[in-house]
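Here is the file run_21.tsv (TSV, C-alpha atoms).
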chain	number	residue	atom	x	y	z
T	1	GLY	CA	-11.28	-20.45	8.34
T	2	ASN	CA	-12.53	-18.64	5.27
T	3	SER	CA	-10.81	-19.47	2.01
T	4	VAL	CA	-11.15	-19.30	-1.76
T	5	THR	CA	-9.94	-21.93	-4.21
T	6	GLN	CA	-9.52	-21.26	-7.90
T	7	MET	CA	-8.62	-23.54	-10.74
T	8	GLU	CA	-4.97	-23.65	-11.66
T	9	GLY	CA	-3.90	-21.82	-14.75
T	10	PRO	CA	-2.92	-20.89	-17.23
T	11	VAL	CA	-6.08	-21.30	-19.23
T	12	THR	CA	-5.36	-20.97	-22.95
T	13	LEU	CA	-8.25	-20.43	-25.36
T	14	SER	CA	-8.77	-19.37	-28.93
T	15	GLU	CA	-10.66	-16.17	-29.63
T	16	GLU	CA	-14.45	-16.61	-29.47
T	17	ALA	CA	-14.20	-19.72	-27.30
T	18	PHE	CA	-16.36	-20.21	-24.20
T	19	LEU	CA	-14.66	-19.47	-20.89
T	20	THR	CA	-15.22	-20.97	-17.47
T	21	ILE	CA	-12.94	-20.28	-14.51
T	22	ASN	CA	-13.93	-22.25	-11.44
T	23	CYS	CA	-14.06	-20.74	-7.97
T	24	THR	CA	-15.22	-22.38	-4.77
T	25	TYR	CA	-15.20	-20.96	-1.30
T	26	THR	CA	-15.26	-22.00	2.32
T	27	ALA	CA	-17.11	-19.75	4.73
T	28	THR	CA	-20.00	-19.91	7.12
T	29	GLY	CA	-23.06	-17.84	6.46
T	30	TYR	CA	-23.41	-15.67	3.37
T	31	PRO	CA	-20.25	-13.92	2.26
T	32	SER	CA	-20.18	-11.41	-0.58
T	33	LEU	CA	-18.31	-12.73	-3.61
T	34	PHE	CA	-16.21	-10.89	-6.17
T	35	TRP	CA	-14.25	-11.37	-9.33
T	36	TYR	CA	-11.32	-9.05	-9.93
T	37	VAL	CA	-9.25	-8.81	-13.12
T	38	GLN	CA	-5.61	-7.79	-13.40
T	39	TYR	CA	-4.33	-6.79	-16.83
T	40	PRO	CA	-0.58	-6.97	-17.42
T	41	GLY	CA	1.31	-4.33	-15.48
T	42	GLU	CA	-1.80	-2.96	-13.78
T	43	GLY	CA	-3.61	-3.15	-10.46
T	44	LEU	CA	-6.73	-5.19	-9.80
T	45	GLN	CA	-10.07	-3.97	-11.09
T	46	LEU	CA	-13.43	-5.11	-9.80
T	47	LEU	CA	-15.10	-7.09	-12.58
T	48	LEU	CA	-18.34	-8.17	-10.91
T	49	LYS	CA	-19.86	-9.03	-7.57
T	50	ALA	CA	-22.76	-10.87	-5.91
T	51	THR	CA	-23.98	-10.37	-2.39
T	52	LYS	CA	-26.52	-13.14	-1.80
T	53	ALA	CA	-27.38	-16.62	-2.92
T	54	ASP	CA	-28.61	-16.96	-6.52
T	55	ASP	CA	-27.46	-13.43	-7.38
T	56	LYS	CA	-25.85	-13.14	-10.80
T	57	GLY	CA	-23.12	-10.58	-11.24
T	58	SER	CA	-22.33	-9.45	-14.77
T	59	ASN	CA	-20.07	-6.99	-16.53
T	60	LYS	CA	-18.33	-6.72	-19.94
T	61	GLY	CA	-19.89	-10.02	-21.08
T	62	PHE	CA	-18.67	-11.90	-18.00
T	63	GLU	CA	-21.13	-13.53	-15.61
T	64	ALA	CA	-20.96	-15.41	-12.33
T	65	THR	CA	-23.78	-16.85	-10.22
T	66	TYR	CA	-23.59	-17.18	-6.44
T	67	ARG	CA	-24.38	-20.84	-5.72
T	68	LYS	CA	-24.82	-21.45	-2.02
T	69	GLU	CA	-25.57	-25.16	-2.41
T	70	THR	CA	-22.23	-25.81	-4.13
T	71	THR	CA	-20.33	-22.89	-2.49
T	72	SER	CA	-19.24	-21.77	-5.94
T	73	PHE	CA	-18.95	-18.58	-7.98
T	74	HIS	CA	-17.67	-19.69	-11.38
T	75	LEU	CA	-16.78	-17.02	-13.94
T	76	GLU	CA	-18.10	-17.46	-17.50
T	77	LYS	CA	-17.98	-15.64	-20.79
T	78	GLY	CA	-19.58	-16.82	-23.98
T	79	SER	CA	-16.98	-15.55	-26.44
T	80	VAL	CA	-13.56	-14.41	-25.26
T	81	GLN	CA	-11.39	-11.84	-26.99
T	82	VAL	CA	-7.63	-11.38	-27.07
T	83	SER	CA	-8.14	-8.31	-24.89
T	84	ASP	CA	-9.53	-10.56	-22.11
T	85	SER	CA	-6.06	-12.00	-21.53
T	86	ALA	CA	-5.36	-11.23	-17.88
T	87	VAL	CA	-5.22	-12.78	-14.42
T	88	TYR	CA	-8.60	-13.31	-12.74
T	89	PHE	CA	-9.00	-13.40	-8.97
T	90	CYS	CA	-11.99	-14.70	-7.05
T	91	ALA	CA	-12.48	-13.17	-3.60
T	92	LEU	CA	-14.88	-13.15	-0.69
T	93	ASN	CA	-15.81	-10.72	2.03
T	94	LYS	CA	-17.32	-12.17	5.16
T	95	ASP	CA	-19.81	-10.49	7.46
T	96	SER	CA	-19.04	-7.04	6.09
T	97	SER	CA	-15.47	-7.43	7.25
T	98	TYR	CA	-12.92	-5.00	5.90
T	99	LYS	CA	-10.80	-7.81	4.61
T	100	LEU	CA	-11.04	-9.49	1.24
T	101	ILE	CA	-9.84	-13.07	1.01
T	102	PHE	CA	-8.40	-13.79	-2.42
T	103	GLY	CA	-7.85	-16.94	-4.38
T	104	SER	CA	-4.44	-17.44	-5.94
T	105	GLY	CA	-5.55	-16.18	-9.36
T	106	THR	CA	-6.03	-17.82	-12.75
T	107	ARG	CA	-4.14	-16.58	-15.78
T	108	LEU	CA	-6.13	-16.51	-19.02
T	109	LEU	CA	-4.39	-16.34	-22.38
T	110	VAL	CA	-6.55	-15.84	-25.45
T	111	ARG	CA	-4.90	-16.50	-28.80
T	112	PRO	CA	-6.10	-14.89	-32.05
R	1	ASN	CA	-10.97	11.23	-10.36
R	2	ALA	CA	-7.54	9.67	-10.11
R	3	GLY	CA	-8.82	6.89	-7.82
R	4	VAL	CA	-5.93	5.27	-5.93
R	5	THR	CA	-2.43	6.47	-6.76
R	6	GLN	CA	0.88	4.97	-5.66
R	7	THR	CA	4.46	6.18	-5.80
R	8	PRO	CA	6.98	5.12	-6.87
R	9	LYS	CA	6.10	2.67	-9.66
R	10	PHE	CA	9.47	0.91	-9.49
R	11	GLN	CA	12.21	0.79	-6.87
R	12	VAL	CA	15.44	-1.11	-6.38
R	13	LEU	CA	16.91	-1.25	-2.89
R	14	LYS	CA	19.96	-2.84	-1.38
R	15	THR	CA	19.54	-5.10	1.64
R	16	GLY	CA	19.27	-3.00	4.79
R	17	GLN	CA	18.09	0.18	3.09
R	18	SER	CA	14.81	1.79	4.06
R	19	MET	CA	12.05	3.34	2.01
R	20	THR	CA	8.44	4.47	2.19
R	21	LEU	CA	5.77	3.59	-0.34
R	22	GLN	CA	3.14	6.27	-0.71
R	23	CYS	CA	-0.56	5.79	-1.39
R	24	ALA	CA	-3.37	8.29	-1.78
R	25	GLN	CA	-7.05	8.01	-2.70
R	26	ASP	CA	-9.51	10.69	-3.74
R	27	MET	CA	-12.75	8.72	-3.32
R	28	ASN	CA	-13.37	9.78	0.29
R	29	HIS	CA	-13.01	6.18	1.42
R	30	ASN	CA	-12.59	5.42	5.08
R	31	SER	CA	-10.62	2.19	4.81
R	32	MET	CA	-7.25	1.59	3.19
R	33	TYR	CA	-5.08	-1.48	2.72
R	34	TRP	CA	-1.60	-2.61	1.75
R	35	TYR	CA	-1.08	-5.93	-0.04
R	36	ARG	CA	1.85	-7.73	-1.51
R	37	GLN	CA	1.60	-9.95	-4.56
R	38	ASP	CA	4.00	-12.79	-5.12
R	39	PRO	CA	3.90	-15.33	-7.96
R	40	GLY	CA	1.44	-18.15	-7.30
R	41	MET	CA	0.33	-16.71	-3.95
R	42	GLY	CA	-2.37	-14.25	-4.86
R	43	LEU	CA	-2.56	-11.16	-2.70
R	44	ARG	CA	-1.65	-11.14	0.97
R	45	LEU	CA	-2.73	-8.37	3.31
R	46	ILE	CA	0.13	-6.62	5.09
R	47	TYR	CA	-1.66	-3.91	7.06
R	48	TYR	CA	-4.96	-2.14	6.89
R	49	SER	CA	-6.56	0.98	8.29
R	50	ALA	CA	-10.28	0.70	8.94
R	51	SER	CA	-10.57	4.43	9.48
R	52	GLU	CA	-8.43	7.50	9.95
R	53	GLY	CA	-6.36	7.12	13.11
R	54	THR	CA	-6.42	3.32	13.25
R	55	THR	CA	-4.15	0.66	11.79
R	56	ASP	CA	-4.11	-3.11	12.20
R	57	LYS	CA	-1.90	-5.99	11.17
R	58	GLY	CA	-2.89	-8.23	8.35
R	59	GLU	CA	-1.59	-11.61	7.34
R	60	VAL	CA	2.10	-10.74	6.76
R	61	PRO	CA	3.04	-7.60	8.79
R	62	ASN	CA	6.60	-8.51	9.83
R	63	GLY	CA	9.23	-6.12	8.49
R	64	TYR	CA	6.72	-3.36	7.70
R	65	ASN	CA	5.22	-0.33	9.37
R	66	VAL	CA	2.36	1.89	8.26
R	67	SER	CA	1.08	5.37	8.84
R	68	ARG	CA	-2.41	6.64	8.14
R	69	LEU	CA	-1.41	10.25	7.62
R	70	ASN	CA	-4.95	11.51	7.03
R	71	LYS	CA	-8.11	10.20	5.40
R	72	ARG	CA	-6.53	10.29	1.93
R	73	GLU	CA	-3.05	8.92	2.55
R	74	PHE	CA	-1.69	5.62	3.83
R	75	SER	CA	2.03	4.91	3.65
R	76	LEU	CA	4.00	1.68	4.00
R	77	ARG	CA	7.56	1.74	5.35
R	78	LEU	CA	10.29	-0.84	5.08
R	79	GLU	CA	12.81	-0.03	7.80
R	80	SER	CA	15.50	-2.51	6.75
R	81	ALA	CA	14.73	-4.12	3.42
R	82	ALA	CA	15.39	-7.82	2.87
R	83	PRO	CA	15.42	-9.84	-0.37
R	84	SER	CA	12.26	-11.64	0.86
R	85	GLN	CA	10.46	-8.32	0.50
R	86	THR	CA	10.97	-8.30	-3.25
R	87	SER	CA	7.39	-8.15	-4.48
R	88	VAL	CA	4.72	-6.04	-6.09
R	89	TYR	CA	2.90	-3.88	-3.54
R	90	PHE	CA	-0.66	-2.73	-4.00
R	91	CYS	CA	-2.61	-0.17	-2.07
R	92	ALA	CA	-6.41	-0.32	-2.00
R	93	SER	CA	-9.29	1.57	-0.46
R	94	SER	CA	-12.94	0.93	0.30
R	95	THR	CA	-15.97	2.48	1.89
R	96	ARG	CA	-17.29	1.25	5.22
R	97	GLN	CA	-20.73	0.69	3.83
R	98	GLY	CA	-22.26	-1.90	1.61
R	99	VAL	CA	-20.09	-4.81	0.58
R	100	TYR	CA	-16.69	-3.14	1.07
R	101	GLU	CA	-15.55	-3.66	-2.51
R	102	GLN	CA	-11.97	-2.50	-2.77
R	103	TYR	CA	-10.37	-0.26	-5.37
R	104	PHE	CA	-6.72	-0.82	-6.18
R	105	GLY	CA	-3.79	1.34	-7.17
R	106	PRO	CA	-1.44	0.45	-10.06
R	107	GLY	CA	1.21	-1.08	-7.80
R	108	THR	CA	4.87	-0.58	-6.88
R	109	ARG	CA	7.37	-3.14	-8.11
R	110	LEU	CA	10.12	-3.44	-5.49
R	111	THR	CA	13.34	-5.37	-5.90
R	112	VAL	CA	15.71	-5.86	-2.96
R	113	THR	CA	19.20	-7.03	-3.88

Translate the structure described by the file into structure tokens.
Amino acid sequence: GNSVTQMEGPVTLSEEAFLTINCTYTATGYPSLFWYVQYPGEGLQLLLKATKADDKGSNKGFEATYRKETTSFHLEKGSVQVSDSAVYFCALNKDSSYKLIFGSGTRLLVRP
Amino acid sequence: NAGVTQTPKFQVLKTGQSMTLQCAQDMNHNSMYWYRQDPGMGLRLIYYSASEGTTDKGEVPNGYNVSRLNKREFSLRLESAAPSQTSVYFCASSTRQGVYEQYFGPGTRLTVT
């Protein structure tokens, strides 16, 4: 079945460090891929998305490229800030289904 | 636009009590969803409503019921709460076009003692 695997957290970085959070997926065909962010005490917010192979989603300095050959959608940011501390969820949506399939989430802690 | 709103924000129940979690969206979305979030398990879909008048079970429906009251509102009911239902509950909504990105409410933190 369809699934999403994320790297285990927490990921702890110093401010201005480079961030990578790995996400790989299992699905046939060409799912749409998403990154959601959850700040402490809040609901999930859509951070970025990509709908076809080689698409790059970007928002707020974060980027992720849809890699069909490696079934990956890794999240990157060149210089993290303390305010980026949150839980990040990778998700996929298959064949325009109503359902999102989420990874288990990766907690990011950025220290000043 | 308020987006997706949920009430209450916090609730404590005793085992066996019942309650209804309320959700409303003002984005004219057709589809609505209820998830629960437990530590280390991501989000799991409880029920969803693809459109007004329809509801379907998700991954973990046991112990819950839902009502799609109208296009805006989608409620989740616990008829007889159990400690295993202690969780954070999120409502979400989406269009039925494009890539179905979902928009989430702020959540309800429920504790069952």

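Every residue of chain T that lies within 7 Å of chain R is listed here, counting all atoms listed in the file: Ser32, Glu42, Gly43, Leu44, Gln45, Ser96, Tyr98, Phe102, Gly103, Ser104 and Gly105 of chain T.
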
How about saving the chosen residues, C-alpha atoms kept, as a PDB file, in the frame of the given file?
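See part12.pdb below for the written result:
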ATOM      1  CA  SER T  32     -20.180 -11.410  -0.580  1.00  0.00           C
ATOM      2  CA  GLU T  42      -1.800  -2.960 -13.780  1.00  0.00           C
ATOM      3  CA  GLY T  43      -3.610  -3.150 -10.460  1.00  0.00           C
ATOM      4  CA  LEU T  44      -6.730  -5.190  -9.800  1.00  0.00           C
ATOM      5  CA  GLN T  45     -10.070  -3.970 -11.090  1.00  0.00           C
ATOM      6  CA  SER T  96     -19.040  -7.040   6.090  1.00  0.00           C
ATOM      7  CA  TYR T  98     -12.920  -5.000   5.900  1.00  0.00           C
ATOM      8  CA  PHE T 102      -8.400 -13.790  -2.420  1.00  0.00           C
ATOM      9  CA  GLY T 103      -7.850 -16.940  -4.380  1.00  0.00           C
ATOM     10  CA  SER T 104      -4.440 -17.440  -5.940  1.00  0.00           C
ATOM     11  CA  GLY T 105      -5.550 -16.180  -9.360  1.00  0.00           C
TER      12      GLY T 105
END

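For the atom pair formed by CA of Ala86 in chain T and CA of Thr51 in chain T, the distance is 24.2 Å, given to one decimal.
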
Can you pull out the residues contacting Gln11 in chain R? Cut-off 10 Å, using all atoms listed in the file, and skip same-chain residues under 6 positions away; I want them as a PyMOL selection string. chain R and resi 19+21+86+108-112

Take CA of Gly9 in chain T and CA of Gln6 in chain R and report the distance between them in Å, one decimal. 28.7 Å

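CA of Asp26 in chain R sits 20.8 Å away from CA of Leu100 in chain T.
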
Selection: 7 Å around Ile21 in chain T, all atoms listed in the file, excl. self and same-chain fewer than 4 positions, as an MDAnalysis selection string: chainID T and resid 7 74:76

Determine, counting all atoms listed in the file, which protein, DNA and RNA residues have an atom within 10 Å of an atom of Gly63 in chain R; residues of the same chain fewer than 4 positions away are not included. Present the result as a list in words. Ile46, Arg77, Leu78, Glu79, Ser80, Ala81, Ala82, Ser84 and Gln85 of chain R

Might I get the box with edges along x, y and z of the file that holds all atoms of range 106-109 of chain R listed there, padded by 6 Å on every side, given as centre and edge lengths in Å to one decimal, as AutoDock Vina command-line options?
--center_x 3.0 --center_y -1.3 --center_z -8.5 --size_x 20.8 --size_y 15.6 --size_z 15.2

Might you pull out every residue within 10 Å of Glu63 in chain T, with all atoms listed in the file counted and same-chain residues fewer than 2 positions away left off, and present them as a list in words? Thr20, Trp35, Leu47, Leu48, Lys49, Lys56, Gly57, Ser58, Asn59, Lys60, Gly61, Thr65, Phe73, His74, Leu75, Glu76, Lys77 and Gly78 of chain T
